[in-house]
$ cat coords-v9.cif   # mmCIF, C-alpha atoms
data_work
loop_
_atom_site.label_atom_id
_atom_site.label_comp_id
_atom_site.auth_asym_id
_atom_site.auth_seq_id
_atom_site.Cartn_x
_atom_site.Cartn_y
_atom_site.Cartn_z
CA MET M 1 130.99 67.66 -123.89
CA ALA M 2 127.63 68.91 -125.09
CA PRO M 3 124.87 68.68 -122.49
CA ASN M 4 122.02 66.25 -122.97
CA SER M 5 118.94 68.28 -123.98
CA LEU M 6 116.76 66.05 -121.79
CA SER M 7 118.74 66.83 -118.63
CA SER M 8 117.13 69.16 -116.13
CA ALA M 9 120.44 70.74 -115.07
CA ARG M 10 124.16 70.52 -115.72
CA VAL M 11 126.19 70.24 -112.50
CA GLY M 12 129.96 70.04 -112.24
CA MET M 13 131.69 68.32 -109.32
CA ILE M 14 135.38 68.87 -108.70
CA GLY M 15 136.82 65.50 -107.75
CA GLY M 16 136.01 62.04 -109.05
CA GLY M 17 136.07 59.96 -105.86
CA GLN M 18 133.41 57.80 -104.27
CA LEU M 19 131.32 60.83 -103.31
CA ALA M 20 131.02 61.80 -106.97
CA ARG M 21 130.30 58.17 -107.82
CA MET M 22 127.42 58.06 -105.31
CA THR M 23 126.19 61.51 -106.37
CA GLN M 24 125.83 60.14 -109.90
CA ARG M 25 123.17 57.71 -108.69
CA ALA M 26 121.13 60.63 -107.39
CA ALA M 27 121.78 62.63 -110.56
CA ILE M 28 120.33 59.82 -112.66
CA ASP M 29 117.15 59.84 -110.58
CA LEU M 30 116.73 63.59 -111.06
CA ALA M 31 117.76 63.68 -114.74
CA VAL M 32 120.67 65.92 -113.75
CA ARG M 33 123.75 65.75 -115.95
CA LEU M 34 126.66 65.39 -113.54
CA GLU M 35 130.17 66.02 -114.85
CA VAL M 36 133.36 65.62 -112.82
CA LEU M 37 136.88 66.97 -112.86
CA ALA M 38 138.86 63.84 -112.05
CA ALA M 39 142.52 63.54 -111.19
CA SER M 40 142.85 60.17 -112.90
CA PRO M 41 141.03 57.87 -115.34
CA GLN M 42 141.01 55.36 -112.46
CA ASP M 43 138.96 57.58 -110.15
CA PRO M 44 135.80 55.83 -108.86
CA ALA M 45 133.37 58.18 -110.62
CA VAL M 46 135.17 57.81 -113.94
CA LEU M 47 135.13 54.03 -113.65
CA ALA M 48 131.38 54.29 -113.05
CA GLY M 49 130.94 56.11 -116.36
CA VAL M 50 130.39 59.67 -115.14
CA PRO M 51 131.19 62.24 -117.89
CA HIS M 52 134.54 63.75 -116.97
CA GLN M 53 137.58 65.83 -117.68
CA ILE M 54 141.01 64.93 -116.33
CA GLY M 55 142.76 67.71 -114.42
CA ASP M 56 144.39 68.74 -111.16
CA PRO M 57 141.89 70.35 -108.72
CA LEU M 58 144.75 72.52 -107.43
CA ASP M 59 145.46 73.85 -110.94
CA PRO M 60 143.37 77.04 -111.37
CA ASP M 61 143.41 76.87 -115.16
CA ALA M 62 142.19 73.26 -115.19
CA VAL M 63 139.38 74.06 -112.75
CA VAL M 64 138.23 77.18 -114.59
CA SER M 65 138.29 75.36 -117.93
CA PHE M 66 136.21 72.53 -116.49
CA ALA M 67 133.53 74.94 -115.23
CA ARG M 68 132.75 76.53 -118.60
CA GLY M 69 129.11 76.00 -119.56
CA LEU M 70 128.05 74.50 -116.22
CA GLU M 71 125.06 75.77 -114.24
CA VAL M 72 126.71 75.27 -110.87
CA VAL M 73 129.97 73.85 -109.51
CA THR M 74 130.26 71.79 -106.32
CA LEU M 75 132.85 69.57 -104.66
CA ASP M 76 133.73 65.95 -103.99
CA HIS M 77 136.54 67.06 -101.62
CA GLU M 78 138.01 70.25 -100.14
CA LEU M 79 141.47 70.09 -101.70
CA VAL M 80 140.61 72.60 -104.41
CA SER M 81 142.20 75.85 -105.58
CA SER M 82 140.33 78.73 -103.90
CA GLU M 83 141.72 81.07 -106.56
CA ALA M 84 140.05 78.96 -109.22
CA LEU M 85 136.70 78.95 -107.44
CA GLY M 86 136.82 82.74 -107.21
CA ARG M 87 137.49 83.00 -110.93
CA ILE M 88 134.55 80.70 -111.63
CA GLN M 89 132.29 82.98 -109.63
CA GLU M 90 133.63 86.01 -111.50
CA ASN M 91 132.53 84.23 -114.70
CA GLY M 92 128.97 84.17 -113.34
CA ILE M 93 128.83 80.47 -112.38
CA PRO M 94 127.67 79.71 -108.82
CA VAL M 95 130.02 77.69 -106.61
CA VAL M 96 128.47 75.68 -103.77
CA PRO M 97 129.82 75.90 -101.16
CA ASP M 98 130.95 79.48 -101.52
CA PRO M 99 134.77 79.70 -101.21
CA ALA M 100 134.41 81.80 -98.05
CA ALA M 101 132.45 78.97 -96.40
CA LEU M 102 134.73 76.31 -97.88
CA ARG M 103 137.68 77.83 -96.02
CA TYR M 104 136.21 76.58 -92.74
CA ALA M 105 136.70 73.04 -94.02
CA GLN M 106 140.04 73.70 -95.70
CA ASP M 107 141.88 75.46 -92.87
CA LYS M 108 141.51 74.19 -89.29
CA LEU M 109 143.39 77.13 -87.74
CA PHE M 110 141.22 79.64 -89.56
CA ALA M 111 138.07 77.75 -88.56
CA ARG M 112 139.09 77.46 -84.91
CA THR M 113 140.02 81.13 -84.73
CA ARG M 114 136.82 82.36 -86.34
CA LEU M 115 134.56 80.04 -84.35
CA ALA M 116 136.22 81.11 -81.11
CA SER M 117 135.68 84.77 -81.99
CA MET M 118 132.00 84.06 -82.63
CA GLY M 119 131.59 82.30 -79.29
CA TYR M 120 131.02 78.74 -80.51
CA PRO M 121 132.12 75.89 -78.22
CA ILE M 122 135.44 74.44 -79.40
CA PRO M 123 138.42 72.75 -77.74
CA ALA M 124 141.25 74.96 -76.46
CA PHE M 125 143.84 75.45 -79.22
CA SER M 126 146.86 77.48 -80.27
CA ARG M 127 149.04 77.80 -83.32
CA VAL M 128 152.46 76.26 -82.64
CA ASP M 129 155.58 76.88 -84.69
CA ASP M 130 158.13 74.98 -82.61
CA ALA M 131 158.62 72.76 -79.57
CA GLY M 132 158.64 75.82 -77.33
CA GLY M 133 155.11 76.68 -78.41
CA VAL M 134 154.01 73.15 -77.68
CA GLU M 135 155.64 73.24 -74.25
CA ARG M 136 153.81 76.46 -73.37
CA PHE M 137 150.49 75.00 -74.51
CA ALA M 138 151.08 71.76 -72.59
CA SER M 139 152.01 73.67 -69.44
CA GLU M 140 148.51 75.13 -69.45
CA HIS M 141 146.47 72.18 -70.75
CA GLY M 142 148.58 69.16 -69.83
CA TRP M 143 149.90 66.15 -71.75
CA PRO M 144 149.01 64.50 -74.02
CA ILE M 145 148.00 67.07 -76.61
CA VAL M 146 146.75 66.76 -80.17
CA LEU M 147 148.79 68.29 -82.97
CA LYS M 148 146.84 68.99 -86.15
CA MET M 149 148.07 70.17 -89.51
CA SER M 150 145.98 73.20 -90.42
CA THR M 151 145.46 72.14 -94.04
CA MET M 152 145.55 69.03 -96.23
CA GLY M 153 144.74 66.58 -93.42
CA TYR M 154 141.93 64.00 -93.61
CA ASP M 155 141.11 60.45 -92.42
CA GLY M 156 143.65 60.66 -89.63
CA ARG M 157 146.42 62.16 -91.76
CA GLY M 158 147.98 65.28 -90.30
CA VAL M 159 146.74 64.49 -86.78
CA GLU M 160 149.09 63.25 -84.07
CA VAL M 161 148.59 62.67 -80.36
CA VAL M 162 151.90 63.51 -78.65
CA HIS M 163 152.87 62.74 -75.06
CA ASN M 164 156.13 64.67 -74.71
CA LEU M 165 158.35 67.30 -76.31
CA ASP M 166 160.42 64.81 -78.30
CA GLN M 167 157.32 63.45 -80.00
CA ALA M 168 156.06 66.98 -80.63
CA ALA M 169 159.37 68.12 -82.14
CA HIS M 170 159.41 65.11 -84.44
CA THR M 171 155.85 65.82 -85.62
CA LEU M 172 156.61 69.49 -86.26
CA GLU M 173 159.41 68.50 -88.65
CA SER M 174 156.69 67.93 -91.24
CA ALA M 175 156.13 71.04 -93.33
CA GLY M 176 153.00 73.09 -92.82
CA VAL M 177 151.15 75.15 -90.24
CA TRP M 178 150.31 73.23 -87.05
CA LEU M 179 147.97 73.86 -84.17
CA ALA M 180 147.95 72.31 -80.72
CA GLU M 181 144.62 71.24 -79.26
CA GLU M 182 143.71 70.02 -75.81
CA MET M 183 143.14 66.29 -75.46
CA LEU M 184 139.55 65.87 -74.32
CA ASP M 185 138.00 63.01 -72.38
CA LEU M 186 135.21 62.00 -74.73
CA SER M 187 132.02 60.10 -74.08
CA VAL M 188 130.95 60.04 -77.75
CA GLU M 189 131.63 61.63 -81.12
CA LEU M 190 128.71 62.91 -83.18
CA ALA M 191 127.98 64.31 -86.60
CA VAL M 192 125.04 66.37 -87.78
CA VAL M 193 124.48 66.32 -91.53
CA VAL M 194 122.80 69.54 -92.71
CA ALA M 195 121.34 70.17 -96.16
CA ARG M 196 121.03 73.89 -96.87
CA ARG M 197 119.84 75.63 -100.02
CA GLN M 198 121.52 78.72 -101.37
CA SER M 199 118.33 80.63 -100.55
CA GLY M 200 118.56 79.58 -96.88
CA GLU M 201 116.13 76.67 -96.33
CA ALA M 202 117.82 73.96 -94.28
CA VAL M 203 117.04 70.48 -92.97
CA THR M 204 119.01 68.07 -90.81
CA TYR M 205 119.28 64.31 -90.65
CA PRO M 206 119.01 62.57 -87.28
CA VAL M 207 122.20 62.98 -85.25
CA VAL M 208 124.79 60.33 -86.09
CA GLU M 209 127.03 58.59 -83.55
CA THR M 210 130.46 57.81 -85.02
CA VAL M 211 133.06 55.32 -83.85
CA GLN M 212 136.55 56.54 -84.67
CA GLU M 213 139.85 54.63 -84.70
CA ASP M 214 143.13 56.36 -85.59
CA GLY M 215 141.18 59.34 -86.87
CA ILE M 216 139.13 57.26 -89.30
CA CYS M 217 135.42 56.57 -88.97
CA ARG M 218 134.91 52.81 -88.62
CA GLU M 219 131.20 52.62 -87.78
CA LEU M 220 128.21 54.87 -87.37
CA ILE M 221 124.83 54.60 -85.77
CA MET M 222 121.77 56.66 -86.65
CA PRO M 223 120.06 57.95 -84.62
CA ALA M 224 122.82 58.40 -82.05
CA ARG M 225 122.36 56.68 -78.69
CA ILE M 226 122.19 59.94 -76.75
CA ASP M 227 119.69 61.87 -74.66
CA PRO M 228 117.03 63.62 -76.79
CA GLY M 229 117.96 66.94 -75.23
CA LEU M 230 121.59 66.53 -76.31
CA ALA M 231 120.47 65.52 -79.80
CA ALA M 232 118.33 68.65 -80.04
CA ALA M 233 121.22 70.82 -78.83
CA ALA M 234 123.59 69.29 -81.41
CA THR M 235 121.05 69.83 -84.18
CA ASP M 236 120.44 73.46 -83.20
CA LEU M 237 124.18 74.10 -82.96
CA ALA M 238 124.79 72.64 -86.42
CA LEU M 239 122.00 74.63 -88.05
CA ASP M 240 123.20 77.83 -86.42
CA VAL M 241 126.86 77.49 -87.35
CA VAL M 242 126.15 76.39 -90.94
CA ALA M 243 123.95 79.46 -91.44
CA GLU M 244 126.55 81.66 -89.74
CA ILE M 245 129.36 80.62 -92.11
CA GLY M 246 127.06 80.81 -95.12
CA ALA M 247 127.59 77.24 -96.31
CA ALA M 248 125.20 75.52 -98.71
CA GLY M 249 124.81 72.02 -100.09
CA ILE M 250 125.49 69.19 -97.68
CA VAL M 251 127.53 70.22 -94.63
CA ALA M 252 128.61 67.68 -92.02
CA VAL M 253 129.36 69.21 -88.62
CA GLU M 254 131.47 66.86 -86.53
CA MET M 255 131.19 67.28 -82.76
CA PHE M 256 132.66 66.02 -79.50
CA VAL M 257 130.74 65.26 -76.33
CA THR M 258 133.00 65.21 -73.28
CA THR M 259 132.58 62.97 -70.27
CA GLU M 260 131.30 66.06 -68.45
CA GLY M 261 128.54 66.47 -71.02
CA ASP M 262 130.00 69.46 -72.90
CA LEU M 263 129.18 69.67 -76.61
CA MET M 264 131.94 71.05 -78.86
CA ILE M 265 132.42 71.58 -82.57
CA ASN M 266 135.30 69.62 -84.06
CA GLU M 267 135.39 70.00 -87.85
CA PHE M 268 133.34 70.74 -90.96
CA ALA M 269 132.96 68.93 -94.26
CA THR M 270 131.28 71.19 -96.82
CA ARG M 271 130.25 68.36 -99.15
CA PRO M 272 128.59 64.95 -98.90
CA HIS M 273 130.30 63.08 -96.10
CA ASN M 274 130.99 59.59 -94.79
CA SER M 275 128.68 60.26 -91.83
CA GLY M 276 125.79 60.60 -94.28
CA HIS M 277 126.32 57.48 -96.39
CA ALA M 278 123.77 55.46 -94.46
CA THR M 279 121.07 57.84 -95.70
CA ILE M 280 121.13 56.08 -99.09
CA GLU M 281 119.09 53.21 -97.65
CA GLY M 282 118.25 54.70 -94.27
CA ALA M 283 116.43 57.94 -95.06
CA VAL M 284 113.57 58.99 -97.30
CA THR M 285 115.97 61.30 -99.18
CA SER M 286 119.67 60.49 -99.32
CA GLN M 287 122.34 63.10 -98.64
CA PHE M 288 123.33 62.86 -102.31
CA HIS M 289 119.84 63.69 -103.55
CA ASN M 290 119.62 66.56 -101.09
CA HIS M 291 123.07 67.82 -102.05
CA LEU M 292 121.99 68.16 -105.68
CA ARG M 293 118.70 69.75 -104.64
CA ALA M 294 120.53 72.20 -102.38
CA VAL M 295 123.19 73.29 -104.87
CA LEU M 296 120.49 73.81 -107.50
CA ASP M 297 118.31 75.63 -104.93
CA TRP M 298 115.49 73.13 -105.38
CA PRO M 299 113.11 72.09 -102.53
CA LEU M 300 114.79 69.74 -100.08
CA GLY M 301 113.57 66.22 -99.40
CA SER M 302 112.49 64.53 -96.18
CA THR M 303 115.32 63.39 -93.90
CA ARG M 304 113.11 61.00 -91.94
CA LEU M 305 114.57 57.55 -91.27
CA VAL M 306 112.77 54.57 -92.80
CA ALA M 307 113.68 52.20 -89.93
CA PRO M 308 114.09 52.60 -86.17
CA ALA M 309 117.86 52.01 -86.34
CA VAL M 310 120.42 52.38 -89.10
CA ALA M 311 124.06 51.28 -88.91
CA MET M 312 126.99 51.60 -91.29
CA VAL M 313 130.40 49.93 -91.20
CA ASN M 314 133.23 51.14 -93.40
CA VAL M 315 135.34 48.63 -95.31
CA LEU M 316 138.99 49.65 -95.01
CA GLY M 317 142.49 48.39 -95.67
CA MET M 318 144.49 46.66 -98.35
CA GLY M 319 141.59 44.44 -99.36
CA ALA M 320 140.02 45.83 -102.54
CA ARG M 321 140.68 42.61 -104.46
CA THR M 322 139.74 40.52 -101.44
CA ALA M 323 136.49 42.46 -101.16
CA MET M 324 135.61 41.75 -104.77
CA ARG M 325 136.34 38.03 -104.33
CA GLN M 326 134.25 37.94 -101.16
CA LEU M 327 131.39 40.04 -102.52
CA PRO M 328 129.04 37.12 -103.36
CA SER M 329 129.40 35.80 -99.81
CA ALA M 330 128.79 39.24 -98.29
CA LEU M 331 125.68 39.64 -100.40
CA GLY M 332 124.34 36.54 -98.71
CA VAL M 333 124.03 38.42 -95.40
CA ASP M 334 120.32 39.14 -95.20
CA GLY M 335 119.60 42.85 -94.80
CA ALA M 336 123.10 44.08 -95.67
CA SER M 337 123.46 46.72 -98.40
CA VAL M 338 126.99 46.63 -99.84
CA HIS M 339 128.69 49.57 -101.56
CA LEU M 340 132.14 49.12 -103.12
CA TYR M 341 133.90 52.13 -104.59
CA GLY M 342 136.21 50.59 -107.20
CA LYS M 343 139.27 52.10 -105.52
CA ASP M 344 142.85 50.87 -105.64
CA GLU M 345 144.22 49.16 -102.56
CA ARG M 346 146.00 51.21 -99.90
CA LEU M 347 146.44 50.68 -96.18
CA GLY M 348 143.67 52.40 -94.20
CA ARG M 349 141.79 53.53 -97.30
CA LYS M 350 138.00 53.42 -97.35
CA ILE M 351 137.16 51.05 -100.19
CA GLY M 352 133.48 50.63 -99.43
CA HIS M 353 130.79 50.49 -96.78
CA VAL M 354 127.92 48.31 -95.63
CA THR M 355 124.60 49.65 -94.36
CA ALA M 356 121.91 47.76 -92.48
CA LEU M 357 118.48 48.72 -91.16
CA GLY M 358 116.87 47.15 -88.15
CA GLU M 359 114.46 47.37 -85.27
CA SER M 360 117.38 47.97 -82.90
CA THR M 361 120.90 49.36 -83.00
CA ASP M 362 122.38 46.01 -81.98
CA ALA M 363 120.57 44.17 -84.76
CA SER M 364 121.54 46.62 -87.51
CA LEU M 365 125.15 46.83 -86.32
CA ASP M 366 125.45 43.05 -86.21
CA THR M 367 124.23 42.72 -89.79
CA ALA M 368 126.53 45.43 -91.14
CA ARG M 369 129.54 44.09 -89.22
CA ARG M 370 129.02 40.54 -90.51
CA ALA M 371 128.96 41.64 -94.14
CA ALA M 372 131.89 44.03 -93.72
CA SER M 373 133.91 41.31 -92.00
CA ILE M 374 133.32 38.95 -94.93
CA LEU M 375 134.44 41.65 -97.38
CA GLY M 376 137.62 41.97 -95.32
CA GLY M 377 138.42 38.29 -95.79
CA ALA M 378 136.74 36.58 -92.83
CA LYS M 379 135.20 33.19 -93.55
#
$ encode --input "coords-v9.cif" --output "structure tokens"
Amino acid sequence: MAPNSLSSARVGMIGGGQLARMTQRAAIDLAVRLEVLAASPQDPAVLAGVPHQIGDPLDPDAVVSFARGLEVVTLDHELVSSEALGRIQENGIPVVPDPAALRYAQDKLFARTRLASMGYPIPAFSRVDDAGGVERFASEHGWPIVLKMSTMGYDGRGVEVVHNLDQAAHTLESAGVWLAEEMLDLSVELAVVVARRQSGEAVTYPVVETVQEDGICRELIMPARIDPGLAAAATDLALDVVAEIGAAGIVAVEMFVTTEGDLMINEFATRPHNSGHATIEGAVTSQFHNHLRAVLDWPLGSTRLVAPAVAMVNVLGMGARTAMRQLPSALGVDGASVHLYGKDERLGRKIGHVTALGESTDASLDTARRAASILGGAK
């Protein structure tokens, strides 16, 4: 497609999911021409009218072909051919995040190993190839343990909590590289969303508190209900590690806080992230605006919240059609901002989210929960 001469930039995003769909709203504001490489004509961004090509993000030829003529290439998800991204760079087109930084989000074993070597706080871990490796790890760290697939896992997929060798052996029957990780006693899970330009300038949003069930984020609260000193430590840690790995664009650094007060890095997302969705209504500059600014190396916007408390509740499950039928009722919840992604139904899939602003965490959570519950079919 020929670029619009009135656009200020031409940005390609690999992946046509809800992140690309929400990035398009920011692109419109900035007169940026966003184009996506989508896996299907039914992808959320395509259904929203974003200019697109259809292709497999793991097919190097499809990815390289898509990138021709673009000013910069970025990502809607991490499941992308690294070979293709390298070829794009060789053709003189910037890729944000750089493939070397992207690997920290693509490969948990690589990320854990590198972070440990650099002295960052992470849970104890080990690569395991069989039940014997699990038994040795458990003998040192105790049961239960967490088994994680090194690649291709997300939203709880590829993560299993096992309590004995039989469960571990069954899990390891699935193909792939696995690592064992100690099971921590957690007081809270956090995320710090960082926006970082290619030239190095970086800003952070207020620390987010996430509520996880079965490895999937159900709710989030911003700012997190934690001690200011812990919030400052989490922010400093996120800024330091993002600069260390050389990532740019939006980077979400997920963290654990143990019951003993220890702060540990869990995972990275080197793209806009679910933990930043509430910034659309909740912050002066959304994560999607700042992602585009960062990948284009433009000045970053303010991350200040516009209300004392912001809450978000994800809408999950088999209820896409139910959500659409219930939408008028959900819109009747005063103060609730509803986002539906236009995704097909699938158990456990995020099909939308609701954000609410308030004077208190309880008030904003109550509003978001009421609207999300209606979208899920409650009367």
$ atom_distance --input "coords-v9.cif" --atom1 "CA of Ala269 (chain M)" --atom2 "CA of Lys108 (chain M)"
11.2 Å
$ atom_distance --input "coords-v9.cif" --atom1 "CA of Arg114 (chain M)" --atom2 "CA of Leu85 (chain M)"
21.4 Å
$ residues_around --input "coords-v9.cif" --residues "His353 (chain M)" --least-positions-apart "6" --cutoff "9 Å" --atoms "all atoms listed in the file" --output "number ranges by chain"
M: 277-278, 312-316, 337-341, 368, 372
$ atom_distance --input "coords-v9.cif" --atom1 "CA of Asp214 (chain M)" --atom2 "CA of Thr367 (chain M)"
23.7 Å
$ closest_residue --input "coords-v9.cif" --among "M:Ala283, M:Arg346, M:Glu213, M:Ala131" --to "Glu173 (chain M)" --atoms "only C-alpha atoms"
M:Ala131
$ closest_residue --input "coords-v9.cif" --among "M:Met264, M:Ala307, M:Ile221, M:Leu172" --to "Thr361 (chain M)" --atoms "only C-alpha atoms"
M:Ile221
$ closest_residue --input "coords-v9.cif" --among "M:Ala9, M:Val46, M:Ile250, M:Ala323" --to "Leu30 (chain M)" --atoms "only C-alpha atoms"
M:Ala9
$ residues_around --input "coords-v9.cif" --residues "Leu186 (chain M)" --least-positions-apart "6" --cutoff "12 Å" --atoms "only C-alpha atoms" --output "list in words"
Pro123, Val211, Gln212, Met255, Phe256, Val257, Thr258, Thr259, Glu260, Gly261, Asp262, Leu263 and Met264 of chain M
$ build_atoms --input "coords-v9.cif" --residues "region 5-23 of chain M" --atoms "N, CA, C and O atoms" --output "CSV table (one decimal), in the coordinates of the input"
chain,number,residue,atom,x,y,z
M,5,SER,N,120.1,67.3,-124.0
M,5,SER,CA,118.9,68.3,-124.0
M,5,SER,C,117.8,67.8,-123.1
M,5,SER,O,116.9,68.6,-122.7
M,6,LEU,N,117.8,66.6,-122.7
M,6,LEU,CA,116.8,66.0,-121.8
M,6,LEU,C,117.1,66.2,-120.3
M,6,LEU,O,116.3,65.8,-119.4
M,7,SER,N,118.3,66.7,-120.0
M,7,SER,CA,118.7,66.8,-118.6
M,7,SER,C,118.1,68.1,-118.1
M,7,SER,O,117.9,69.1,-118.7
M,8,SER,N,117.8,68.0,-116.8
M,8,SER,CA,117.1,69.2,-116.1
M,8,SER,C,118.1,70.2,-115.7
M,8,SER,O,117.8,71.3,-115.4
M,9,ALA,N,119.4,69.8,-115.5
M,9,ALA,CA,120.4,70.7,-115.1
M,9,ALA,C,121.8,70.1,-115.4
M,9,ALA,O,121.9,68.9,-115.5
M,10,ARG,N,122.8,71.0,-115.5
M,10,ARG,CA,124.2,70.5,-115.7
M,10,ARG,C,125.0,71.0,-114.6
M,10,ARG,O,125.3,72.1,-114.4
M,11,VAL,N,125.5,70.0,-113.7
M,11,VAL,CA,126.2,70.2,-112.5
M,11,VAL,C,127.6,69.7,-112.6
M,11,VAL,O,127.8,68.5,-113.1
M,12,GLY,N,128.6,70.5,-112.3
M,12,GLY,CA,130.0,70.0,-112.2
M,12,GLY,C,130.4,69.8,-110.8
M,12,GLY,O,130.1,70.5,-109.9
M,13,MET,N,131.1,68.7,-110.6
M,13,MET,CA,131.7,68.3,-109.3
M,13,MET,C,133.2,68.2,-109.5
M,13,MET,O,133.7,67.4,-110.3
M,14,ILE,N,133.9,68.9,-108.7
M,14,ILE,CA,135.4,68.9,-108.7
M,14,ILE,C,135.8,67.7,-107.8
M,14,ILE,O,135.6,67.7,-106.6
M,15,GLY,N,136.4,66.7,-108.4
M,15,GLY,CA,136.8,65.5,-107.8
M,15,GLY,C,136.0,64.3,-108.3
M,15,GLY,O,134.8,64.4,-108.5
M,16,GLY,N,136.7,63.2,-108.5
M,16,GLY,CA,136.0,62.0,-109.0
M,16,GLY,C,136.0,60.8,-108.1
M,16,GLY,O,136.1,59.7,-108.6
M,17,GLY,N,136.0,61.1,-106.8
M,17,GLY,CA,136.1,60.0,-105.9
M,17,GLY,C,134.7,59.3,-105.6
M,17,GLY,O,133.8,59.4,-106.4
M,18,GLN,N,134.6,58.5,-104.5
M,18,GLN,CA,133.4,57.8,-104.3
M,18,GLN,C,132.2,58.7,-104.0
M,18,GLN,O,131.1,58.3,-104.3
M,19,LEU,N,132.4,59.9,-103.5
M,19,LEU,CA,131.3,60.8,-103.3
M,19,LEU,C,130.7,61.2,-104.6
M,19,LEU,O,129.5,61.3,-104.8
M,20,ALA,N,131.5,61.5,-105.6
M,20,ALA,CA,131.0,61.8,-107.0
M,20,ALA,C,130.3,60.6,-107.6
M,20,ALA,O,129.3,60.7,-108.2
M,21,ARG,N,130.9,59.4,-107.3
M,21,ARG,CA,130.3,58.2,-107.8
M,21,ARG,C,128.9,58.0,-107.2
M,21,ARG,O,128.0,57.6,-108.0
M,22,MET,N,128.7,58.2,-105.9
M,22,MET,CA,127.4,58.1,-105.3
M,22,MET,C,126.5,59.2,-105.7
M,22,MET,O,125.3,59.0,-105.7
M,23,THR,N,127.0,60.4,-105.9
M,23,THR,CA,126.2,61.5,-106.4
M,23,THR,C,125.6,61.2,-107.7
M,23,THR,O,124.5,61.6,-108.1
